[in-house]
2 protein chains.
Amino acid sequence: MLEDGRYRVNVLDRAITVLKAFDSNHRSLTLSEIAVRANLHVSTCLRLLSTLTRHGLIRRDQDNGRYSLGYEILALAEIARGSSGLAEWARPAMRELCQAFDETVVLSIRNGDYRIDLDQEIGQQNVRRVLSLGEAKPLYAGAASQVLMSGLTDSEIDDYLSRIPLIKLAENTITDPQELRQILARIRREGFAESFQQQSDQGGAGIAAGIFDARRQMVGAIGVSVPQYRFTPTLRSKLIPVVMAAANKISLVLGGRGRMIA
Amino acid sequence: MLEDGRYRVNVLDRAITVLKAFDSNHRSLTLSEIAVRANLHVSTCLRLLSTLTRHGLIRRDQDNGRYSLGYEILALAEIARGSSGLAEWARPAMRELCQAFDETVVLSIRNGDYRIDLDQEIGQQNVRRVLSLGEAKPLYAGAASQVLMSGLTDSEIDDYLSRIPLIKLAENTITDPQELRQILARIRREGFAESFQQQSDQGGAGIAAGIFDARRQMVGAIGVSVPQYRFTPTLRSKLIPVVMAAANKISLVLGGRGRMIA
DNA sequence: AAATGATTTTCACTCTGTGAAAATATAGGG
DNA sequence: CCCTATATTTTCACAGAGTGAAAATCATTT
């Protein structure tokens, strides 16, 4: 089996660095800004940008000559999102769940050591949680993350914990491996995870539950994400059964048996 | 000013061809399938895939070894979508409009000679229109397309029509340039466009209106897209003012004056 | 087991990407 | 308006990077 990163193509590495020079705080950049951020010579950058532009991965503003990511990336993203199939099937349940509480609902999957948020349905309240889709987030912090982690085998969990240090990301991040193991066991037993300011200090909280396919494999997690101040005991106890029900509903659609609600 | 495509980097061209080998009918591919579709030698493909995988633009299924587009593309797409800023500001109005009729609402922009659908809010009815975001669609067919085209200057329209042949895409596609010019004039006058089976034979219909910025430039279009059989005269006449109002609302948020409703 | 087909590795050659430097365009100040 | 400073675009000779044929390995089927 091909070891990851055995082969590498220099130019391609560089071109991808150029694409990644853009982020949510730098949505448009000038040539020289890109050169600095990607740590490349301007000539090289220009050549790469020119090629990327021809394929629509980069676009250039006619007025000010600044570069941004091109719309072809949106087309690719639709295909990427659809390739797991999950997002499509989960959508109706996400809708329902979002409308029930008017809070943000998120669909996540595990990709290696990370959680990826595939899709979200955003509540309409003024203060709301909005997550950035696609970004890789650690598996040890946050309700959805821990649900996904609880779907790993025990040896996979051991392996993960031996490789990844548990860094304090927010007030209540679990940094003790032993404590995390206990939490994961509880999640498996009770069928849901909860978090309260574990991931970012912005003050988020939430409930999440696992989605299973016909082979009883966990293929994703659905969760409701709430601004911390709104996460009252009342809301919490209302959310738990509803989130679990939504997860089961999606599991059934996928041919899974879901998980019995206690 | 740099002529488009003056510079090109061979490997990068090839790598992008690899990415574009995936489409909605081929969401996962094997190495040799990719090699055939991208018209490259397997060795070359493998090298490119390996590099792309390391950066998360491609991922590989552990079980069957098949390749798909990676989740990093989702992250890039979020940035690309946000770079115009429009999607963010338009969201509340799109929501409202979607809920008013429970039909699919689409936000589009013009990118050169094409329309790009930036974002959509999908109605919940069983039969519904779902568009593929990001894909480049012609400017001459469909309500939103024609709105965007009506935002061009007359000379730009002349130029477009001299370059792009009007191909019959569906039953009612406008293929006569003169007729299209008249329609565009009407759209400018009345402030909305409508279409009935112009774009695909799947049977779509809709109403769309333009969004303007502070400089009175058209920066996008918002439209409601309906399965053809549901597009009754009653619905049509209800939609027109509401779609125009939504477009104006977004224009105002952007600092534009919007367009007076007659 | 053997055979077929796909994937991975290797390697010598050549073509391609490189980046310095010059030329041009753009912006800012006096 | 011209001069200066900065950013962008073009050019080019060289080195090193990508190429693809072929061999080796792995997977699947008969």
# chains A, B, ... in the order shown; residues from 1 in each chain; ligands from 1
call {"tool": "closest_atom_pairs", "arguments": {"of": "range 3-27 of chain D", "to": "range 3-27 of chain C", "cutoff": "8 Å", "atoms": "only C-alpha atoms (C1' of nucleotides)", "output": "Markdown table"}}
result
| residue | atom | partner | partner_atom | distance |
| --- | --- | --- | --- | --- |
| D:DT6 | C1' | C:DA27 | C1' | 7.8 |
| D:DA7 | C1' | C:DT26 | C1' | 7.2 |
| D:DT8 | C1' | C:DA25 | C1' | 6.9 |
| D:DT9 | C1' | C:DT24 | C1' | 7.0 |
| D:DT10 | C1' | C:DA23 | C1' | 7.2 |
| D:DA17 | C1' | C:DG17 | C1' | 7.6 |
| D:DG18 | C1' | C:DT16 | C1' | 7.7 |
| D:DA24 | C1' | C:DT9 | C1' | 7.2 |
| D:DT25 | C1' | C:DT8 | C1' | 7.0 |
| D:DC26 | C1' | C:DT7 | C1' | 7.1 |
| D:DA27 | C1' | C:DA6 | C1' | 7.6 |
call {"tool": "write_last_selection", "arguments": {"atoms": "N, CA and C atoms (P, O5', C5', C4', C3', O3' and C1' of nucleotides)", "output": "PDB file, in the first residue's frame"}}
result
ATOM      1  P    DT D   6       9.471  51.757  -1.743  1.00  0.00           P
ATOM      2  O5'  DT D   6       8.253  50.947  -2.367  1.00  0.00           O
ATOM      3  C5'  DT D   6       7.295  51.617  -3.200  1.00  0.00           C
ATOM      4  C4'  DT D   6       6.212  50.659  -3.669  1.00  0.00           C
ATOM      5  C3'  DT D   6       6.472  49.176  -3.502  1.00  0.00           C
ATOM      6  O3'  DT D   6       5.223  48.542  -3.290  1.00  0.00           O
ATOM      7  C1'  DT D   6       6.389  49.682  -5.803  1.00  0.00           C
ATOM      8  P    DA D   7       5.065  46.974  -3.231  1.00  0.00           P
ATOM      9  O5'  DA D   7       4.367  46.665  -4.627  1.00  0.00           O
ATOM     10  C5'  DA D   7       3.052  47.150  -4.906  1.00  0.00           C
ATOM     11  C4'  DA D   7       2.660  46.699  -6.299  1.00  0.00           C
ATOM     12  C3'  DA D   7       2.685  45.176  -6.485  1.00  0.00           C
ATOM     13  O3'  DA D   7       1.457  44.783  -7.071  1.00  0.00           O
ATOM     14  C1'  DA D   7       4.032  46.228  -8.129  1.00  0.00           C
ATOM     15  P    DT D   8       1.200  43.304  -7.495  1.00  0.00           P
ATOM     16  O5'  DT D   8       1.548  43.315  -9.060  1.00  0.00           O
ATOM     17  C5'  DT D   8       0.844  44.198  -9.934  1.00  0.00           C
ATOM     18  C4'  DT D   8       1.374  44.057 -11.333  1.00  0.00           C
ATOM     19  C3'  DT D   8       1.270  42.656 -11.929  1.00  0.00           C
ATOM     20  O3'  DT D   8       0.590  42.791 -13.165  1.00  0.00           O
ATOM     21  C1'  DT D   8       3.435  43.538 -12.244  1.00  0.00           C
ATOM     22  P    DT D   9       0.136  41.507 -13.962  1.00  0.00           P
ATOM     23  O5'  DT D   9       1.325  41.353 -15.027  1.00  0.00           O
ATOM     24  C5'  DT D   9       1.452  42.314 -16.069  1.00  0.00           C
ATOM     25  C4'  DT D   9       2.733  42.079 -16.838  1.00  0.00           C
ATOM     26  C3'  DT D   9       2.843  40.708 -17.511  1.00  0.00           C
ATOM     27  O3'  DT D   9       2.862  40.952 -18.915  1.00  0.00           O
ATOM     28  C1'  DT D   9       4.877  41.353 -16.476  1.00  0.00           C
ATOM     29  P    DT D  10       2.951  39.749 -19.960  1.00  0.00           P
ATOM     30  O5'  DT D  10       4.513  39.670 -20.264  1.00  0.00           O
ATOM     31  C5'  DT D  10       5.172  40.824 -20.772  1.00  0.00           C
ATOM     32  C4'  DT D  10       6.654  40.545 -20.953  1.00  0.00           C
ATOM     33  C3'  DT D  10       6.979  39.221 -21.653  1.00  0.00           C
ATOM     34  O3'  DT D  10       7.722  39.532 -22.823  1.00  0.00           O
ATOM     35  C1'  DT D  10       8.311  39.519 -19.693  1.00  0.00           C
ATOM     36  P    DA D  17      14.535  19.515  -8.026  1.00  0.00           P
ATOM     37  O5'  DA D  17      13.058  19.617  -8.577  1.00  0.00           O
ATOM     38  C5'  DA D  17      12.758  20.599  -9.590  1.00  0.00           C
ATOM     39  C4'  DA D  17      11.828  20.005 -10.626  1.00  0.00           C
ATOM     40  C3'  DA D  17      10.934  18.901 -10.076  1.00  0.00           C
ATOM     41  O3'  DA D  17       9.647  19.097 -10.594  1.00  0.00           O
ATOM     42  C1'  DA D  17      12.189  18.061 -11.902  1.00  0.00           C
ATOM     43  P    DG D  18       8.442  18.285 -10.000  1.00  0.00           P
ATOM     44  O5'  DG D  18       7.941  17.526 -11.299  1.00  0.00           O
ATOM     45  C5'  DG D  18       7.528  18.343 -12.414  1.00  0.00           C
ATOM     46  C4'  DG D  18       7.539  17.517 -13.656  1.00  0.00           C
ATOM     47  C3'  DG D  18       6.532  16.367 -13.675  1.00  0.00           C
ATOM     48  O3'  DG D  18       5.898  16.396 -14.943  1.00  0.00           O
ATOM     49  C1'  DG D  18       8.701  15.540 -14.135  1.00  0.00           C
ATOM     50  P    DA D  24      11.899  -7.299 -12.591  1.00  0.00           P
ATOM     51  O5'  DA D  24      10.953  -6.829 -11.401  1.00  0.00           O
ATOM     52  C5'  DA D  24      11.382  -5.759 -10.548  1.00  0.00           C
ATOM     53  C4'  DA D  24      10.310  -5.527  -9.507  1.00  0.00           C
ATOM     54  C3'  DA D  24       9.859  -6.780  -8.762  1.00  0.00           C
ATOM     55  O3'  DA D  24       9.755  -6.460  -7.389  1.00  0.00           O
ATOM     56  C1'  DA D  24       7.995  -5.716  -9.719  1.00  0.00           C
ATOM     57  P    DT D  25       9.548  -7.637  -6.307  1.00  0.00           P
ATOM     58  O5'  DT D  25       8.061  -7.338  -5.832  1.00  0.00           O
ATOM     59  C5'  DT D  25       7.741  -6.032  -5.362  1.00  0.00           C
ATOM     60  C4'  DT D  25       6.240  -5.862  -5.411  1.00  0.00           C
ATOM     61  C3'  DT D  25       5.460  -6.913  -4.617  1.00  0.00           C
ATOM     62  O3'  DT D  25       4.839  -6.253  -3.534  1.00  0.00           O
ATOM     63  C1'  DT D  25       4.421  -6.371  -6.676  1.00  0.00           C
ATOM     64  P    DC D  26       4.146  -7.096  -2.367  1.00  0.00           P
ATOM     65  O5'  DC D  26       2.603  -6.906  -2.749  1.00  0.00           O
ATOM     66  C5'  DC D  26       2.087  -5.588  -2.964  1.00  0.00           C
ATOM     67  C4'  DC D  26       0.726  -5.708  -3.609  1.00  0.00           C
ATOM     68  C3'  DC D  26      -0.214  -6.707  -2.918  1.00  0.00           C
ATOM     69  O3'  DC D  26      -1.393  -6.006  -2.542  1.00  0.00           O
ATOM     70  C1'  DC D  26      -0.229  -7.001  -5.272  1.00  0.00           C
ATOM     71  P    DA D  27      -2.567  -6.729  -1.775  1.00  0.00           P
ATOM     72  O5'  DA D  27      -3.595  -7.009  -2.966  1.00  0.00           O
ATOM     73  C5'  DA D  27      -3.991  -5.952  -3.829  1.00  0.00           C
ATOM     74  C4'  DA D  27      -5.150  -6.415  -4.706  1.00  0.00           C
ATOM     75  C3'  DA D  27      -6.144  -7.367  -4.040  1.00  0.00           C
ATOM     76  O3'  DA D  27      -7.448  -6.885  -4.354  1.00  0.00           O
ATOM     77  C1'  DA D  27      -5.230  -8.384  -5.990  1.00  0.00           C
TER      78       DA D  27
END
call {"tool": "interface_residues", "arguments": {"of": "chain B", "to": "chain D", "cutoff": "10 Å", "atoms": "only C-alpha atoms (C1' of nucleotides)", "output": "list in words"}}
result
Met1, Leu2, Asn10, Val11, Leu40, His41, Val42, Ser43, Thr44 and Arg47 of chain B
call {"tool": "write_last_selection", "arguments": {"atoms": "N, CA and C atoms", "output": "compact mmCIF listing (two decimals), in the first residue's frame"}}
result
# COMPACT_ATOMS: atom_id res chain seq x y z
N MET B 1 -1.62 44.44 -19.35
CA MET B 1 -2.44 43.45 -18.60
C MET B 1 -2.18 42.03 -19.12
N LEU B 2 -2.01 41.15 -18.20
CA LEU B 2 -1.67 39.77 -18.53
C LEU B 2 -2.74 39.08 -19.37
N ASN B 10 2.63 22.87 -17.14
CA ASN B 10 2.13 21.59 -17.61
C ASN B 10 1.58 20.69 -16.49
N VAL B 11 2.40 20.42 -15.51
CA VAL B 11 1.98 19.52 -14.43
C VAL B 11 0.70 19.98 -13.80
N LEU B 40 -3.89 10.45 -19.10
CA LEU B 40 -2.52 10.50 -18.57
C LEU B 40 -2.03 9.08 -18.29
N HIS B 41 -0.74 8.93 -18.20
CA HIS B 41 -0.18 7.63 -17.84
C HIS B 41 -0.40 7.36 -16.36
N VAL B 42 -0.59 6.11 -16.02
CA VAL B 42 -0.88 5.78 -14.63
C VAL B 42 0.20 6.28 -13.68
N SER B 43 1.44 6.14 -14.07
CA SER B 43 2.53 6.59 -13.18
C SER B 43 2.34 8.06 -12.85
N THR B 44 2.14 8.82 -13.89
CA THR B 44 1.94 10.26 -13.72
C THR B 44 0.74 10.52 -12.81
N ARG B 47 1.47 9.79 -9.17
CA ARG B 47 2.29 10.83 -8.56
C ARG B 47 1.45 12.05 -8.22
call {"tool": "interface_residues", "arguments": {"of": "chain B", "to": "chain A", "cutoff": "7 Å", "atoms": "only C-alpha atoms", "output": "PyMOL selection string"}}
result
chain B and resi 4-5+7-9+12-13+23-24+27-28+47-48+50-51+54+68-75+77-80+83+133-135
call {"tool": "closest_residue", "arguments": {"among": "A:Gln197, A:Ala205, A:Asn64, A:Leu97", "to": "chain C", "atoms": "only C-alpha atoms (C1' of nucleotides)"}}
result
A:Asn64
call {"tool": "atom_distance", "arguments": {"atom1": "CA of Phe212 in chain A", "atom2": "CA of Arg189 in chain A"}}
result
15.0 Å
call {"tool": "residues_around", "arguments": {"residues": "Ser195 in chain B", "least_positions_apart": "6", "cutoff": "12 Å", "atoms": "only C-alpha atoms (C1' of nucleotides)", "output": "PyMOL selection string"}}
result
chain B and resi 140-147+170-174+183+187+203-209+223-228+231+236+240
call {"tool": "write_last_selection", "arguments": {"atoms": "N, CA and C atoms", "output": "mmCIF file, in the first residue's frame"}}
result
data_model
loop_
_atom_site.group_PDB
_atom_site.id
_atom_site.type_symbol
_atom_site.label_atom_id
_atom_site.label_comp_id
_atom_site.auth_asym_id
_atom_site.auth_seq_id
_atom_site.Cartn_x
_atom_site.Cartn_y
_atom_site.Cartn_z
ATOM 1 N N TYR B 140 -27.952 33.060 -21.659
ATOM 2 C CA TYR B 140 -29.125 33.365 -22.484
ATOM 3 C C TYR B 140 -30.374 32.568 -22.115
ATOM 4 N N ALA B 141 -30.220 31.552 -21.255
ATOM 5 C CA ALA B 141 -31.384 30.719 -20.942
ATOM 6 C C ALA B 141 -31.660 30.666 -19.448
ATOM 7 N N GLY B 142 -32.904 30.877 -19.080
ATOM 8 C CA GLY B 142 -33.290 30.832 -17.681
ATOM 9 C C GLY B 142 -33.493 32.243 -17.149
ATOM 10 N N ALA B 143 -34.389 32.357 -16.172
ATOM 11 C CA ALA B 143 -34.756 33.675 -15.659
ATOM 12 C C ALA B 143 -33.545 34.391 -15.056
ATOM 13 N N ALA B 144 -32.841 33.715 -14.153
ATOM 14 C CA ALA B 144 -31.719 34.358 -13.476
ATOM 15 C C ALA B 144 -30.638 34.749 -14.483
ATOM 16 N N SER B 145 -30.376 33.886 -15.442
ATOM 17 C CA SER B 145 -29.386 34.184 -16.473
ATOM 18 C C SER B 145 -29.750 35.464 -17.203
ATOM 19 N N GLN B 146 -30.980 35.558 -17.614
ATOM 20 C CA GLN B 146 -31.375 36.713 -18.411
ATOM 21 C C GLN B 146 -31.358 37.994 -17.592
ATOM 22 N N VAL B 147 -31.697 37.877 -16.310
ATOM 23 C CA VAL B 147 -31.559 39.055 -15.447
ATOM 24 C C VAL B 147 -30.114 39.534 -15.469
ATOM 25 N N ALA B 170 -33.706 23.552 -24.398
ATOM 26 C CA ALA B 170 -34.967 22.974 -23.938
ATOM 27 C C ALA B 170 -36.070 23.516 -24.831
ATOM 28 N N GLU B 171 -37.267 23.082 -24.551
ATOM 29 C CA GLU B 171 -38.391 23.398 -25.427
ATOM 30 C C GLU B 171 -38.468 24.875 -25.799
ATOM 31 N N ASN B 172 -38.329 25.739 -24.772
ATOM 32 C CA ASN B 172 -38.586 27.153 -25.028
ATOM 33 C C ASN B 172 -37.351 28.042 -25.024
ATOM 34 N N THR B 173 -36.191 27.458 -25.202
ATOM 35 C CA THR B 173 -34.978 28.283 -25.234
ATOM 36 C C THR B 173 -35.092 29.328 -26.340
ATOM 37 N N ILE B 174 -34.720 30.564 -25.988
ATOM 38 C CA ILE B 174 -34.707 31.633 -26.990
ATOM 39 C C ILE B 174 -33.463 31.459 -27.848
ATOM 40 N N ILE B 183 -36.393 40.753 -25.028
ATOM 41 C CA ILE B 183 -36.681 40.255 -23.680
ATOM 42 C C ILE B 183 -35.834 40.994 -22.657
ATOM 43 N N ILE B 187 -36.951 43.170 -19.413
ATOM 44 C CA ILE B 187 -36.492 42.889 -18.047
ATOM 45 C C ILE B 187 -35.994 44.179 -17.391
ATOM 46 N N GLY B 203 -38.068 20.390 -16.992
ATOM 47 C CA GLY B 203 -39.309 21.073 -16.700
ATOM 48 C C GLY B 203 -39.227 22.030 -15.539
ATOM 49 N N GLY B 204 -38.435 23.086 -15.717
ATOM 50 C CA GLY B 204 -38.325 24.094 -14.682
ATOM 51 C C GLY B 204 -38.914 25.408 -15.155
ATOM 52 N N ALA B 205 -39.296 26.218 -14.182
ATOM 53 C CA ALA B 205 -39.798 27.541 -14.501
ATOM 54 C C ALA B 205 -39.437 28.450 -13.347
ATOM 55 N N GLY B 206 -39.474 29.742 -13.563
ATOM 56 C CA GLY B 206 -39.120 30.602 -12.449
ATOM 57 C C GLY B 206 -39.181 32.086 -12.737
ATOM 58 N N ILE B 207 -39.001 32.829 -11.656
ATOM 59 C CA ILE B 207 -38.978 34.287 -11.686
ATOM 60 C C ILE B 207 -37.671 34.724 -11.032
ATOM 61 N N ALA B 208 -37.025 35.741 -11.592
ATOM 62 C CA ALA B 208 -35.792 36.232 -10.985
ATOM 63 C C ALA B 208 -35.701 37.748 -11.102
ATOM 64 N N ALA B 209 -34.924 38.368 -10.198
ATOM 65 C CA ALA B 209 -34.743 39.826 -10.225
ATOM 66 C C ALA B 209 -33.315 40.175 -9.838
ATOM 67 N N GLY B 223 -33.614 34.370 -7.501
ATOM 68 C CA GLY B 223 -34.739 33.821 -8.243
ATOM 69 C C GLY B 223 -35.416 32.683 -7.515
ATOM 70 N N VAL B 224 -36.659 32.458 -7.853
ATOM 71 C CA VAL B 224 -37.375 31.297 -7.340
ATOM 72 C C VAL B 224 -37.553 30.333 -8.502
ATOM 73 N N SER B 225 -37.255 29.085 -8.227
ATOM 74 C CA SER B 225 -37.259 28.076 -9.278
ATOM 75 C C SER B 225 -38.259 26.992 -8.909
ATOM 76 N N VAL B 226 -39.158 26.701 -9.836
ATOM 77 C CA VAL B 226 -40.336 25.894 -9.525
ATOM 78 C C VAL B 226 -40.472 24.779 -10.566
ATOM 79 N N PRO B 227 -40.911 23.592 -10.131
ATOM 80 C CA PRO B 227 -41.209 22.579 -11.142
ATOM 81 C C PRO B 227 -42.298 23.128 -12.065
ATOM 82 N N GLN B 228 -42.124 22.902 -13.311
ATOM 83 C CA GLN B 228 -42.974 23.508 -14.337
ATOM 84 C C GLN B 228 -44.471 23.353 -14.054
ATOM 85 N N PHE B 231 -46.102 25.832 -11.803
ATOM 86 C CA PHE B 231 -45.956 27.254 -12.154
ATOM 87 C C PHE B 231 -47.240 27.768 -12.807
ATOM 88 N N ARG B 236 -47.403 32.561 -10.459
ATOM 89 C CA ARG B 236 -46.576 33.514 -11.183
ATOM 90 C C ARG B 236 -46.823 34.944 -10.702
ATOM 91 N N ILE B 240 -43.924 37.348 -8.651
ATOM 92 C CA ILE B 240 -43.252 38.519 -9.227
ATOM 93 C C ILE B 240 -42.966 39.622 -8.208
#
call {"tool": "select_by_dssp", "arguments": {"residues": "range 79-210 of chain B", "states": "strand (DSSP E or B)", "output": "PyMOL selection string"}}
result
chain B and resi 104-111+114-121+136-138+193-196+204-210
call {"tool": "write_last_selection", "arguments": {"atoms": "C-alpha atoms", "output": "JSON list (two decimals), in the first residue's frame"}}
result
[["chain", "number", "residue", "atom", "x", "y", "z"],
["B", 104, "THR", "CA", -36.28, 26.64, -4.08],
["B", 105, "VAL", "CA", -34.59, 30.05, -3.98],
["B", 106, "VAL", "CA", -31.32, 30.56, -5.85],
["B", 107, "LEU", "CA", -28.68, 33.26, -5.65],
["B", 108, "SER", "CA", -26.65, 33.72, -8.82],
["B", 109, "ILE", "CA", -23.86, 35.92, -10.10],
["B", 110, "ARG", "CA", -22.34, 36.53, -13.47],
["B", 111, "ASN", "CA", -18.82, 35.32, -14.10],
["B", 114, "TYR", "CA", -21.65, 32.54, -17.57],
["B", 115, "ARG", "CA", -24.02, 32.40, -14.66],
["B", 116, "ILE", "CA", -22.84, 30.77, -11.47],
["B", 117, "ASP", "CA", -25.31, 29.70, -8.79],
["B", 118, "LEU", "CA", -23.67, 30.72, -5.54],
["B", 119, "ASP", "CA", -26.16, 29.49, -3.02],
["B", 120, "GLN", "CA", -29.59, 27.98, -2.73],
["B", 121, "GLU", "CA", -32.32, 27.52, -0.17],
["B", 136, "ALA", "CA", -21.20, 27.53, -15.22],
["B", 137, "LYS", "CA", -24.47, 27.99, -17.10],
["B", 138, "PRO", "CA", -25.12, 30.08, -20.20],
["B", 193, "ALA", "CA", -37.37, 37.95, -15.69],
["B", 194, "GLU", "CA", -39.35, 34.80, -16.07],
["B", 195, "SER", "CA", -38.64, 31.50, -17.72],
["B", 196, "PHE", "CA", -40.61, 28.44, -18.59],
["B", 204, "GLY", "CA", -38.32, 24.09, -14.68],
["B", 205, "ALA", "CA", -39.80, 27.54, -14.50],
["B", 206, "GLY", "CA", -39.12, 30.60, -12.45],
["B", 207, "ILE", "CA", -38.98, 34.29, -11.69],
["B", 208, "ALA", "CA", -35.79, 36.23, -10.98],
["B", 209, "ALA", "CA", -34.74, 39.83, -10.23],
["B", 210, "GLY", "CA", -31.48, 41.76, -10.06]]
call {"tool": "atom_distance", "arguments": {"atom1": "CA of Ser150 in chain B", "atom2": "CA of Ile211 in chain B"}}
result
11.8 Å
call {"tool": "select_by_dssp", "arguments": {"residues": "range 48-243 of chain B", "states": "helix (DSSP H, G or I)", "output": "ChimeraX atom specification"}}
result
/B:48-54,72-82,86-101,143-150,154-163,177-190,228-230,233-243
call {"tool": "atom_distance", "arguments": {"atom1": "CA of Asp113 in chain A", "atom2": "CA of Ala35 in chain B"}}
result
29.3 Å
call {"tool": "residues_around", "arguments": {"residues": "Arg66 in chain B", "least_positions_apart": "3", "cutoff": "10 Å", "atoms": "only C-alpha atoms (C1' of nucleotides)", "output": "list of chain:residue names"}}
result
B:Arg27, B:Ser28, B:Leu29, B:Thr30, B:Leu31, B:Glu33, B:Arg59, B:Arg60, B:Asp61, B:Gln62, B:Asp63
call {"tool": "write_last_selection", "arguments": {"atoms": "N, CA and C atoms", "output": "PDB file, in the first residue's frame"}}
result
ATOM      1  N   ARG B  27     -18.226   9.966  -8.817  1.00  0.00           N
ATOM      2  CA  ARG B  27     -17.765  10.600  -7.580  1.00  0.00           C
ATOM      3  C   ARG B  27     -16.589   9.871  -6.978  1.00  0.00           C
ATOM      4  N   SER B  28     -16.385   8.635  -7.351  1.00  0.00           N
ATOM      5  CA  SER B  28     -15.179   7.944  -6.918  1.00  0.00           C
ATOM      6  C   SER B  28     -14.656   7.136  -8.093  1.00  0.00           C
ATOM      7  N   LEU B  29     -13.338   7.104  -8.212  1.00  0.00           N
ATOM      8  CA  LEU B  29     -12.705   6.483  -9.375  1.00  0.00           C
ATOM      9  C   LEU B  29     -11.483   5.700  -8.930  1.00  0.00           C
ATOM     10  N   THR B  30     -11.102   4.712  -9.700  1.00  0.00           N
ATOM     11  CA  THR B  30      -9.856   3.995  -9.419  1.00  0.00           C
ATOM     12  C   THR B  30      -8.727   4.681 -10.185  1.00  0.00           C
ATOM     13  N   LEU B  31      -7.522   4.332  -9.813  1.00  0.00           N
ATOM     14  CA  LEU B  31      -6.357   4.933 -10.463  1.00  0.00           C
ATOM     15  C   LEU B  31      -6.442   4.828 -11.979  1.00  0.00           C
ATOM     16  N   GLU B  33      -8.985   4.261 -13.929  1.00  0.00           N
ATOM     17  CA  GLU B  33     -10.099   5.043 -14.481  1.00  0.00           C
ATOM     18  C   GLU B  33      -9.703   6.508 -14.625  1.00  0.00           C
ATOM     19  N   ARG B  59      -9.005  12.242  -1.567  1.00  0.00           N
ATOM     20  CA  ARG B  59      -8.876  11.282  -0.470  1.00  0.00           C
ATOM     21  C   ARG B  59      -9.051   9.894  -1.044  1.00  0.00           C
ATOM     22  N   ARG B  60      -8.562   8.950  -0.300  1.00  0.00           N
ATOM     23  CA  ARG B  60      -8.584   7.593  -0.802  1.00  0.00           C
ATOM     24  C   ARG B  60      -9.303   6.708   0.190  1.00  0.00           C
ATOM     25  N   ASP B  61     -10.236   5.937  -0.298  1.00  0.00           N
ATOM     26  CA  ASP B  61     -10.990   5.036   0.570  1.00  0.00           C
ATOM     27  C   ASP B  61     -10.082   3.914   1.061  1.00  0.00           C
ATOM     28  N   GLN B  62     -10.066   3.741   2.375  1.00  0.00           N
ATOM     29  CA  GLN B  62      -9.215   2.711   2.965  1.00  0.00           C
ATOM     30  C   GLN B  62      -9.611   1.319   2.474  1.00  0.00           C
ATOM     31  N   ASP B  63     -10.907   1.093   2.370  1.00  0.00           N
ATOM     32  CA  ASP B  63     -11.398  -0.251   2.057  1.00  0.00           C
ATOM     33  C   ASP B  63     -11.094  -0.681   0.625  1.00  0.00           C
TER      34      ASP B  63
END
